[in-house]
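Note: the block below is protein_30.txt and it holds compact mmCIF, C-alpha atoms (C1' of nucleotides).
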```txt
# COMPACT_ATOMS: atom_id res chain seq x y z
CA MET A 274 -96.99 -106.58 50.20
CA PRO A 275 -100.52 -105.26 50.14
CA LYS A 276 -103.29 -107.06 51.88
CA THR A 277 -105.18 -109.26 49.45
CA LYS A 278 -108.85 -109.94 49.32
CA LYS A 279 -108.07 -113.35 50.65
CA THR A 280 -106.42 -112.08 53.83
CA SER A 281 -109.22 -109.70 54.70
CA LYS A 282 -111.62 -112.61 54.88
CA LEU A 283 -109.43 -114.59 57.23
CA ARG A 284 -110.99 -115.31 60.58
CA ILE A 285 -108.28 -114.40 63.04
CA ILE A 286 -108.08 -114.99 66.78
CA PHE A 287 -105.67 -112.64 68.51
CA MET A 288 -104.06 -113.58 71.80
CA GLY A 289 -101.97 -111.17 73.80
CA THR A 290 -101.69 -109.19 76.99
CA SER A 291 -98.86 -106.68 77.19
CA ALA A 292 -98.31 -103.28 75.65
CA LEU A 293 -96.51 -104.93 72.75
CA ALA A 294 -99.61 -107.04 72.11
CA GLU A 295 -101.72 -103.91 72.20
CA VAL A 296 -99.67 -102.21 69.49
CA ILE A 297 -99.90 -105.29 67.29
CA LEU A 298 -103.63 -105.71 67.76
CA GLU A 299 -104.14 -102.06 67.03
CA SER A 300 -102.27 -102.26 63.74
CA LEU A 301 -104.18 -105.39 62.70
CA LEU A 302 -107.44 -103.58 63.34
CA LYS A 303 -106.24 -100.56 61.48
CA GLU A 304 -105.56 -102.72 58.44
CA LYS A 305 -109.10 -104.07 58.70
CA TYR A 306 -108.14 -107.60 59.48
CA ASN A 307 -111.08 -109.65 60.61
CA ILE A 308 -110.37 -110.25 64.30
CA VAL A 309 -113.13 -112.55 65.45
CA ALA A 310 -112.01 -113.01 69.04
CA VAL A 311 -109.41 -111.70 71.47
CA PHE A 312 -107.83 -113.76 74.22
CA THR A 313 -106.05 -112.01 77.06
CA GLN A 314 -104.98 -112.77 80.63
CA PRO A 315 -107.70 -112.71 83.28
CA ASP A 316 -108.06 -109.38 85.09
CA LYS A 317 -105.92 -109.22 88.16
CA LYS A 318 -106.22 -107.28 91.31
CA ALA A 319 -103.58 -104.63 91.29
CA GLY A 320 -102.63 -101.35 92.80
CA ARG A 321 -102.76 -99.99 96.30
CA LYS A 322 -106.42 -100.60 96.95
CA LYS A 323 -106.64 -103.93 95.14
CA GLU A 324 -108.51 -102.44 92.26
CA LEU A 325 -109.17 -104.65 89.28
CA LYS A 326 -106.71 -103.91 86.55
CA ILE A 327 -107.82 -104.31 82.95
CA SER A 328 -105.17 -105.16 80.39
CA PRO A 329 -104.64 -102.66 77.57
CA VAL A 330 -105.49 -105.38 75.07
CA LYS A 331 -108.84 -105.91 76.75
CA SER A 332 -109.83 -102.28 76.66
CA LEU A 333 -108.83 -102.05 73.02
CA ALA A 334 -110.89 -105.12 72.14
CA ARG A 335 -113.79 -103.76 74.11
CA LYS A 336 -113.60 -100.51 72.20
CA HIS A 337 -113.90 -102.40 68.92
CA LYS A 338 -116.63 -104.66 70.29
CA ILE A 339 -114.64 -107.83 69.69
CA PRO A 340 -115.60 -110.84 71.84
CA ILE A 341 -113.13 -111.20 74.70
CA PHE A 342 -112.03 -114.43 76.32
CA GLN A 343 -109.98 -114.56 79.51
CA PRO A 344 -109.64 -118.22 80.39
CA GLU A 345 -107.52 -119.24 83.35
CA LYS A 346 -106.82 -122.61 81.69
CA PHE A 347 -107.34 -124.07 78.25
CA ASP A 348 -109.63 -126.89 79.27
CA GLU A 349 -112.08 -128.86 77.14
CA ASP A 350 -114.72 -126.13 77.24
CA VAL A 351 -112.35 -123.43 76.08
CA ILE A 352 -110.93 -125.60 73.34
CA SER A 353 -114.35 -126.44 71.97
CA GLU A 354 -115.23 -122.76 72.16
CA ILE A 355 -112.21 -121.98 70.01
CA LYS A 356 -113.16 -124.68 67.51
CA LYS A 357 -116.62 -123.20 67.27
CA ILE A 358 -115.11 -119.87 66.27
CA LYS A 359 -113.51 -121.62 63.29
CA PRO A 360 -110.40 -119.48 63.09
CA ASP A 361 -108.25 -119.55 59.97
CA LEU A 362 -105.28 -118.13 61.85
CA ILE A 363 -104.26 -117.52 65.44
CA ILE A 364 -101.84 -114.71 66.17
CA VAL A 365 -100.14 -114.70 69.55
CA ALA A 366 -98.06 -111.86 70.98
CA ALA A 367 -96.85 -111.72 74.57
CA TYR A 368 -99.88 -113.61 75.80
CA GLY A 369 -98.34 -115.29 78.82
CA LYS A 370 -100.10 -118.62 78.55
CA ILE A 371 -99.06 -121.92 77.01
CA LEU A 372 -101.46 -123.17 74.37
CA PRO A 373 -102.24 -126.87 73.98
CA LYS A 374 -101.47 -128.57 70.70
CA GLU A 375 -105.14 -128.95 69.91
CA VAL A 376 -105.62 -125.20 69.95
CA LEU A 377 -102.48 -124.51 67.92
CA GLU A 378 -103.61 -126.90 65.21
CA THR A 379 -107.18 -125.68 64.99
CA PRO A 380 -106.65 -122.92 62.40
CA GLY A 381 -105.91 -123.98 58.86
CA PHE A 382 -103.04 -121.54 58.55
CA GLY A 383 -101.66 -122.44 61.94
CA SER A 384 -100.78 -120.33 64.93
CA LEU A 385 -98.23 -117.57 64.51
CA ASN A 386 -96.29 -116.03 67.35
CA VAL A 387 -94.58 -112.67 67.35
CA HIS A 388 -91.62 -112.71 69.71
CA ALA A 389 -89.48 -109.67 70.49
CA SER A 390 -86.07 -111.25 70.21
CA LEU A 391 -83.90 -112.91 67.64
CA LEU A 392 -84.90 -116.47 68.29
CA PRO A 393 -83.54 -118.89 69.31
CA LYS A 394 -81.95 -116.36 71.66
CA PHE A 395 -84.03 -115.13 74.57
CA ARG A 396 -86.88 -117.55 74.46
CA GLY A 397 -89.48 -117.11 77.15
CA PRO A 398 -90.96 -114.08 78.88
CA SER A 399 -89.26 -110.68 79.09
CA PRO A 400 -86.99 -111.05 76.05
CA ILE A 401 -86.52 -107.30 75.66
CA GLN A 402 -85.43 -106.75 79.23
CA ASN A 403 -83.11 -109.71 79.17
CA ALA A 404 -81.46 -108.60 75.95
CA LEU A 405 -80.76 -105.21 77.50
CA MET A 406 -79.52 -106.71 80.73
CA ALA A 407 -77.15 -108.95 78.82
CA GLY A 408 -75.74 -105.88 77.10
CA GLU A 409 -76.71 -107.11 73.63
CA GLN A 410 -75.98 -104.78 70.73
CA GLU A 411 -78.71 -106.04 68.46
CA THR A 412 -82.08 -107.65 68.84
CA GLY A 413 -85.19 -107.90 66.73
CA THR A 414 -88.47 -109.58 66.17
CA THR A 415 -89.23 -113.13 65.11
CA LEU A 416 -92.30 -114.67 63.52
CA MET A 417 -92.66 -118.33 64.16
CA LEU A 418 -95.12 -121.11 63.77
CA MET A 419 -95.97 -122.17 67.27
CA ASN A 420 -95.49 -125.64 68.63
CA GLU A 421 -95.97 -126.99 72.11
CA GLY A 422 -92.70 -125.71 73.51
CA ILE A 423 -92.05 -122.19 74.71
CA ASP A 424 -90.86 -120.22 71.70
CA THR A 425 -89.42 -123.31 70.08
CA GLY A 426 -91.47 -123.37 66.88
CA ASP A 427 -90.17 -123.09 63.34
CA ILE A 428 -89.13 -119.61 62.29
CA ILE A 429 -90.79 -118.14 59.23
CA ALA A 430 -89.31 -114.63 59.31
CA ARG A 431 -86.96 -112.55 61.38
CA LYS A 432 -85.84 -108.94 61.43
CA LYS A 433 -82.88 -107.38 63.23
CA ILE A 434 -82.43 -103.95 64.73
CA LYS A 435 -79.55 -102.33 66.52
CA ILE A 436 -79.75 -101.52 70.20
CA ASN A 437 -78.68 -98.00 71.01
CA PRO A 438 -76.29 -97.86 74.02
CA ASN A 439 -78.70 -95.54 75.77
CA ASP A 440 -81.85 -97.49 74.96
CA THR A 441 -83.96 -98.39 77.96
CA PHE A 442 -86.78 -100.90 78.07
CA LYS A 443 -89.13 -98.01 77.48
CA THR A 444 -87.55 -96.85 74.24
CA LEU A 445 -86.57 -100.26 72.92
CA SER A 446 -89.91 -101.92 73.61
CA LEU A 447 -91.69 -99.07 71.87
CA GLU A 448 -89.45 -99.47 68.86
CA LEU A 449 -89.82 -103.24 68.83
CA SER A 450 -93.58 -103.00 69.16
CA LYS A 451 -93.83 -100.82 66.09
CA LEU A 452 -91.36 -102.95 64.21
CA SER A 453 -93.13 -106.16 65.16
CA ALA A 454 -96.51 -104.83 64.11
CA LYS A 455 -95.21 -103.63 60.77
CA PHE A 456 -93.27 -106.81 60.18
CA LEU A 457 -96.27 -108.97 60.97
CA LEU A 458 -98.47 -107.04 58.58
CA GLU A 459 -95.91 -107.48 55.82
CA ASN A 460 -95.64 -111.19 56.38
CA ILE A 461 -99.18 -112.40 56.97
CA PRO A 462 -100.06 -112.27 53.26
CA LEU A 463 -96.79 -113.99 52.35
CA TRP A 464 -97.51 -116.74 54.81
CA ILE A 465 -101.04 -117.21 53.57
CA GLU A 466 -99.82 -117.46 50.00
CA GLY A 467 -97.27 -120.04 51.01
CA LYS A 468 -94.30 -117.89 50.14
CA LEU A 469 -92.53 -118.26 53.49
CA LYS A 470 -90.38 -121.23 54.37
CA ARG A 471 -90.28 -122.82 57.77
CA LYS A 472 -86.88 -123.05 59.35
CA LYS A 473 -86.05 -125.09 62.42
CA GLN A 474 -84.45 -123.23 65.29
CA ASP A 475 -80.81 -123.97 66.01
CA GLU A 476 -81.06 -125.55 69.43
CA THR A 477 -77.35 -125.07 70.13
CA GLN A 478 -77.87 -121.30 70.08
CA ALA A 479 -80.98 -121.31 72.25
CA THR A 480 -81.18 -119.34 75.49
CA PHE A 481 -84.15 -119.04 77.78
CA CYS A 482 -84.99 -116.04 79.91
CA GLN A 483 -87.11 -115.77 83.02
CA LEU A 484 -89.98 -113.43 83.75
CA ILE A 485 -88.77 -110.15 85.22
CA GLU A 486 -89.85 -109.58 88.80
CA ARG A 487 -89.54 -106.64 91.12
CA ASN A 488 -86.69 -108.13 93.05
CA ASP A 489 -84.65 -108.43 89.90
CA GLY A 490 -84.12 -104.68 90.27
CA ARG A 491 -81.88 -105.06 93.29
CA ILE A 492 -78.51 -103.44 92.66
CA PHE A 493 -75.40 -105.13 93.97
CA TRP A 494 -72.63 -102.60 94.20
CA ASN A 495 -69.91 -105.19 93.80
CA GLU A 496 -70.92 -105.55 90.18
CA THR A 497 -69.35 -103.46 87.46
CA ALA A 498 -70.71 -100.05 86.52
CA LYS A 499 -71.63 -101.33 83.09
CA ASN A 500 -73.64 -104.24 84.44
CA ILE A 501 -75.48 -101.99 86.85
CA TYR A 502 -76.23 -99.54 84.07
CA ASN A 503 -77.50 -102.35 81.85
CA LYS A 504 -79.78 -103.50 84.62
CA TYR A 505 -81.14 -99.99 84.94
CA ARG A 506 -81.76 -99.81 81.19
CA ALA A 507 -83.52 -103.17 81.19
CA LEU A 508 -85.78 -102.37 84.11
CA TYR A 509 -86.72 -98.78 83.36
CA PRO A 510 -89.45 -97.77 83.97
CA TRP A 511 -90.71 -101.02 85.51
CA PRO A 512 -89.85 -102.30 88.04
CA GLY A 513 -86.88 -99.98 88.36
CA VAL A 514 -83.63 -100.56 90.20
CA PHE A 515 -83.16 -100.18 93.93
CA CYS A 516 -80.92 -100.85 96.89
CA PHE A 517 -81.03 -100.11 100.60
CA TRP A 518 -79.79 -97.14 102.63
CA GLU A 519 -79.36 -97.17 106.36
CA ASN A 520 -80.69 -93.90 107.67
CA ASP A 521 -81.61 -93.02 111.27
CA GLY A 522 -81.01 -96.61 112.25
CA SER A 523 -83.53 -98.01 109.81
CA LEU A 524 -82.96 -99.64 106.47
CA LYS A 525 -84.82 -97.83 103.76
CA ARG A 526 -85.44 -98.83 100.18
CA ILE A 527 -84.07 -96.36 97.73
CA LYS A 528 -84.89 -96.42 94.04
CA PHE A 529 -82.93 -94.90 91.22
CA GLN A 530 -85.23 -93.57 88.54
CA LYS A 531 -82.31 -92.49 86.43
CA ILE A 532 -78.67 -93.34 86.53
CA SER A 533 -75.90 -92.69 84.07
CA LEU A 534 -72.32 -93.56 83.45
CA GLN A 535 -69.52 -91.10 83.80
CA LYS A 536 -65.79 -91.44 83.88
CA ASP A 537 -64.51 -90.85 87.34
CA SER A 538 -61.14 -89.21 87.20
CA SER A 539 -60.51 -89.18 90.93
CA GLN A 540 -58.22 -91.83 92.33
CA ASP A 541 -59.68 -92.09 95.82
CA LYS A 542 -60.16 -95.55 97.16
CA ARG A 543 -63.75 -96.19 98.06
CA ARG A 544 -65.85 -99.08 99.17
CA ALA A 545 -68.43 -100.57 96.82
CA GLY A 546 -71.70 -98.74 97.42
CA GLU A 547 -70.09 -95.63 98.89
CA VAL A 548 -71.81 -92.39 97.99
CA PHE A 549 -69.66 -89.41 97.14
CA GLN A 550 -69.86 -86.04 95.52
CA LEU A 551 -68.48 -85.87 92.01
CA LYS A 552 -68.40 -82.24 91.00
CA ASN A 553 -72.05 -81.24 91.35
CA LYS A 554 -73.37 -84.78 90.96
CA ILE A 555 -73.79 -87.80 93.16
CA GLY A 556 -71.53 -90.72 92.40
CA ILE A 557 -71.77 -94.22 93.76
CA GLN A 558 -68.85 -96.57 93.75
CA THR A 559 -69.16 -99.95 92.05
CA ALA A 560 -66.68 -102.75 91.51
CA ASP A 561 -64.86 -100.66 88.94
CA ASN A 562 -66.05 -97.19 87.94
CA ALA A 563 -68.68 -95.02 89.54
CA VAL A 564 -72.26 -94.59 88.39
CA ILE A 565 -74.06 -91.27 88.66
CA ALA A 566 -77.38 -91.17 90.47
CA ASP A 567 -79.49 -88.58 88.65
CA ILE A 568 -82.99 -89.16 89.99
CA ILE A 569 -83.50 -90.73 93.39
CA GLN A 570 -86.59 -91.91 95.20
CA LEU A 571 -86.70 -92.81 98.87
CA GLU A 572 -89.47 -95.19 99.92
CA GLY A 573 -92.67 -93.33 100.68
CA LYS A 574 -91.37 -90.23 98.91
CA LYS A 575 -91.58 -88.80 95.48
CA SER A 576 -88.68 -89.12 93.12
CA LEU A 577 -86.24 -86.24 93.24
CA ALA A 578 -83.36 -84.85 91.27
CA ALA A 579 -80.15 -85.77 93.07
CA LYS A 580 -79.47 -82.16 94.01
CA GLU A 581 -82.82 -81.78 95.73
CA PHE A 582 -82.44 -85.07 97.49
CA ILE A 583 -79.15 -83.89 98.99
CA ASN A 584 -80.75 -80.69 100.28
CA GLY A 585 -82.94 -82.70 102.57
CA HIS A 586 -80.57 -85.61 103.18
CA PRO A 587 -77.04 -84.22 103.44
CA ASP A 588 -75.90 -87.35 105.26
CA PHE A 589 -76.49 -89.34 102.08
CA ILE A 590 -73.05 -88.26 100.93
CA GLY A 591 -70.49 -90.50 102.57
CA SER A 592 -72.90 -93.29 103.42
CA VAL A 593 -72.46 -96.80 102.06
CA LEU A 594 -75.40 -98.37 100.27
CA GLU A 595 -76.30 -102.01 100.55
C1' C B 190 -111.44 -104.31 104.65
C1' G B 191 -103.76 -106.55 102.21
C1' C B 192 -99.05 -103.86 104.86
C1' G B 193 -96.54 -99.23 105.46
C1' G B 194 -94.41 -93.97 104.80
C1' G B 195 -95.72 -88.93 103.87
C1' G B 196 -98.36 -83.59 103.11
C1' U B 197 -94.45 -77.54 107.14
C1' G B 198 -92.24 -70.20 102.65
C1' G B 199 -90.70 -71.57 95.46
C1' A B 200 -87.78 -77.04 96.03
C1' G B 201 -86.07 -80.78 99.53
C1' C B 202 -86.25 -81.71 104.81
C1' A B 203 -86.21 -81.08 110.63
C1' G B 204 -89.63 -79.95 114.44
C1' U B 205 -94.85 -83.86 116.33
C1' C B 206 -93.33 -88.85 120.89
C1' U B 207 -92.84 -84.79 125.79
C1' G B 208 -98.39 -78.71 123.32
C1' G B 209 -95.29 -72.80 124.66
C1' C B 210 -91.03 -67.38 119.62
C1' A B 211 -91.71 -71.13 112.49
C1' G B 212 -86.19 -73.83 111.92
C1' C B 213 -82.18 -76.21 108.31
C1' U B 214 -80.09 -76.90 103.26
C1' C B 215 -81.08 -74.98 98.48
C1' G B 216 -83.41 -71.48 95.37
C1' U B 217 -85.19 -66.23 94.61
C1' G B 218 -84.21 -60.73 95.33
C1' U B 219 -80.85 -56.62 96.79
C1' G B 220 -76.04 -55.01 97.99
C1' G B 221 -70.72 -56.27 98.42
C1' C B 222 -66.16 -58.82 96.77
C1' U B 223 -63.95 -60.60 92.16
C1' C B 224 -60.77 -60.21 85.48
C1' A B 225 -64.50 -63.87 86.29
C1' U B 226 -67.90 -67.93 88.07
C1' A B 227 -72.67 -73.15 89.54
C1' A B 228 -67.61 -69.50 94.08
C1' C B 229 -67.51 -66.28 98.63
C1' C B 230 -69.60 -62.30 102.29
C1' A B 231 -73.89 -59.38 104.11
C1' C B 232 -78.95 -58.34 104.15
C1' A B 233 -84.05 -59.23 102.59
C1' A B 234 -88.61 -61.10 100.77
C1' G B 235 -91.62 -65.27 101.02
C1' G B 236 -95.90 -69.59 105.77
C1' U B 237 -104.21 -70.35 106.17
C1' C B 238 -97.79 -76.00 108.99
C1' G B 239 -103.22 -80.49 103.23
C1' G B 240 -108.99 -79.35 104.50
C1' C B 241 -112.83 -79.34 108.26
C1' G B 242 -114.22 -80.10 113.31
C1' G B 243 -112.84 -81.02 118.62
C1' U B 244 -109.73 -80.64 123.38
C1' U B 245 -106.80 -76.51 125.67
C1' C B 246 -105.07 -70.29 128.57
C1' A B 247 -102.25 -72.00 124.30
C1' A B 248 -102.13 -76.86 118.69
C1' A B 249 -97.50 -77.92 113.10
C1' U B 250 -97.61 -80.97 117.76
C1' C B 251 -103.13 -84.24 121.19
C1' C B 252 -108.30 -86.46 119.44
C1' G B 253 -111.89 -87.25 115.31
C1' U B 254 -112.87 -86.97 110.13
C1' C B 255 -112.09 -86.09 104.97
C1' C B 256 -108.76 -85.10 100.64
C1' C B 257 -104.14 -85.86 98.10
C1' C B 258 -99.01 -88.15 97.16
C1' C B 259 -95.68 -92.37 97.53
C1' G B 260 -93.14 -97.37 98.85
C1' C B 261 -94.23 -102.70 99.56
C1' A B 262 -97.33 -106.71 98.39
C1' A B 263 -100.54 -108.82 94.54
```
Please express what this file holds, its structure, as structure tokens.
Amino acid sequence: MPKTKKTSKLRIIFMGTSALAEVILESLLKEKYNIVAVFTQPDKKAGRKKELKISPVKSLARKHKIPIFQPEKFDEDVISEIKKIKPDLIIVAAYGKILPKEVLETPGFGSLNVHASLLPKFRGPSPIQNALMAGEQETGTTLMLMNEGIDTGDIIARKKIKINPNDTFKTLSLELSKLSAKFLLENIPLWIEGKLKRKKQDETQATFCQLIERNDGRIFWNETAKNIYNKYRALYPWPGVFCFWENDGSLKRIKFQKISLQKDSSQDKRRAGEVFQLKNKIGIQTADNAVIADIIQLEGKKSLAAKEFINGHPDFIGSVLE
RNA sequence: CGCGGGGUGGAGCAGUCUGGCAGCUCGUGUGGCUCAUAACCACAAGGUCGGCGGUUCAAAUCCGUCCCCCGCAA
């Protein structure tokens, strides 16, 4: 569906923060949509020296000289500011803030949300990670008309894709970003022309997922190899998976930048978390099979291929991880 | 001023506290063994110990300063 003259005149407010939001904003700009304002999360202090971190959406908006708003809260002032902009449509993608009803109802064509899951499954933040962690075989992107709940609005369009068994968050989120952007562009004109029907979400199928935090990357070796691998896929490259290794009497954090699954033919009985040599690789025992540690990073050190890590830490083999 | 770890032949590490011959595993090269090998044996090459300054008869090691890398936290 080509963009009509009507859609290019639409006054659109875009709200988003993450990399997915960036891809979507970029494609809207590329198609010459009239983005009159961009809302994104306030800058946060980040990094080792508490430097101010600017969201990718913000720098993109800045580049295109679009007015940027970074409210902490949607109070009266912000709401009246939005009304003054007179938007015809609000598009929200991974923004990270809940919008009051008054804002949602300001634009004549409503407020659309792009969500990277097959709603009503995986409502809430981090839908991509949670789909991977759950070992889902398919996911997708959903366009919905926002209401006051979190991802509970009526669905106007949905598209599925398959999840590759070796997909990580990195590969899947990239794919979903592109898909979501393309899908949104296809459907905006249809929505404007009233060709899309609203469909209520099936509440009995709804699941809600939490925001991913660093500590979610903790590996528990009494889980199955498949679950551990799924966790790695979901959390690569951020925040990554880790556990602890007792070395020289101190407990050190150890991250796994890459792990893989491999059938372990040996019949030795091992404890969960025990490190052993499997041919020329490093295996770690789980509740059932072993996982292979391919790239390892000890706290304070750079990440290393398993073979190099062993050169400097031969006592790693035989130790039991926590 | 958020907390912490680190920089040592090509790679990964020990040595620093307590100053005194530059060490380990791996890689590389040469030779040997082998039907053969990511195997094994022997030998060898390869270092401004992150930079600068200070203390000392003597500094990888102690003091000062700067640069770079990383983990946590946010």
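Nearest residue to chain B, choosing from A:Ser533, A:Asn562, A:Thr290, A:Asn488 and counting all atoms listed in the file: A:Asn488.
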Pick from A:Ala319, A:Leu293, A:Ile569, A:Leu302: nearest to chain B, with all atoms listed in the file counted?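 Closest candidate: A:Ala319.
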Give me, please, the distance in Å between CA of Asp561 (chain A) and CA of Tyr505 (chain A), quoted to one decimal. 16.8 Å
Extract, using all atoms listed in the file, all DNA, RNA and protein residues at most 9 Å from Thr425 (chain A), discarding same-chain residues fewer than 5 positions from it, and format them as number ranges by chain. A: 392-393, 396, 417-420, 473-474, 476, 479
Go through A:Thr412, A:Gln314, A:Asn584, A:Ser446 and flag the residue nearest U214 (chain B), using only C-alpha atoms (C1' of nucleotides) for the distances.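 Among the listed residues, A:Asn584 lies closest to U214 (chain B).
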How close does chain A get to chain B? List, as CSV, each residue of chain A within 10 Å, its nearest atom pair and the distance in Å to one decimal, counting all atoms listed in the file.
```
residue,atom,partner,partner_atom,distance
A:Lys317,CA,B:A263,C1',8.4
A:Lys318,CA,B:A263,C1',6.7
A:Ala319,CA,B:A263,C1',6.1
A:Gly320,CA,B:A263,C1',7.9
A:Arg321,CA,B:G191,C1',8.9
A:Lys322,CA,B:G191,C1',8.4
A:Lys323,CA,B:A263,C1',7.8
A:Lys525,CA,B:G260,C1',9.7
A:Arg526,CA,B:G260,C1',7.9
A:Ile527,CA,B:G260,C1',9.2
A:Lys528,CA,B:G260,C1',9.6
A:Asn553,CA,B:A227,C1',8.3
A:Gln570,CA,B:G260,C1',9.3
A:Leu571,CA,B:G260,C1',7.9
A:Glu572,CA,B:G260,C1',4.4
A:Gly573,CA,B:G260,C1',4.5
A:Lys574,CA,B:C259,C1',5.0
A:Lys575,CA,B:C259,C1',5.8
A:Ser576,CA,B:C259,C1',8.9
A:Leu577,CA,B:G201,C1',8.3
A:Ala578,CA,B:G201,C1',9.6
A:Lys580,CA,B:C215,C1',8.6
A:Glu581,CA,B:G201,C1',5.1
A:Phe582,CA,B:G201,C1',6.0
A:Ile583,CA,B:G201,C1',7.6
A:Asn584,CA,B:U214,C1',4.9
A:Gly585,CA,B:C202,C1',4.1
A:His586,CA,B:C202,C1',7.1
A:Pro587,CA,B:U214,C1',7.9
```
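Residues with any atom within 9 Å of Met288 (chain A), counting all atoms listed in the file and excluding same-chain neighbours fewer than 4 positions away, are Ala294, Leu298, Ala310, Val311, Phe312, Thr313, Gln314, Val330, Ile363, Ile364, Val365, Ala366, Ala367 and Tyr368 of chain A.
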So the first atom is C1' of A211 (chain B) and the second is CA of Phe589 (chain A); what is the distance between them in Å, to one decimal place?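 Answer for the C1' of A211 (chain B) to CA of Phe589 (chain A) separation: 25.9 Å.
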Might you pull out every residue within 10 Å of region 206-209 of chain B, with only C-alpha atoms (C1' of nucleotides) counted and same-chain residues fewer than 4 positions away left off, and present them as a ChimeraX atom specification? /B:245,247-248,250-251
note - CA of Asn307 (chain A) and CA of Leu377 (chain A) are separated by 18.7 Å
Is it possible to get the axis-aligned box enclosing region 234-245 of chain B (all listed atoms, 8 Å extra per side) as lines of an AutoDock Vina configuration file, with centre and edge lengths in Å rounded to one decimal?
```
center_x = -101.4
center_y = -71.1
center_z = 113.2
size_x = 41.6
size_y = 35.9
size_z = 40.9
```
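Distance annotation: of A:Asn437, A:Ile428, A:Gly591, A:Gln558, the residue with the minimal separation from Ala498 (chain A) is A:Gln558; atom set is only C-alpha atoms.
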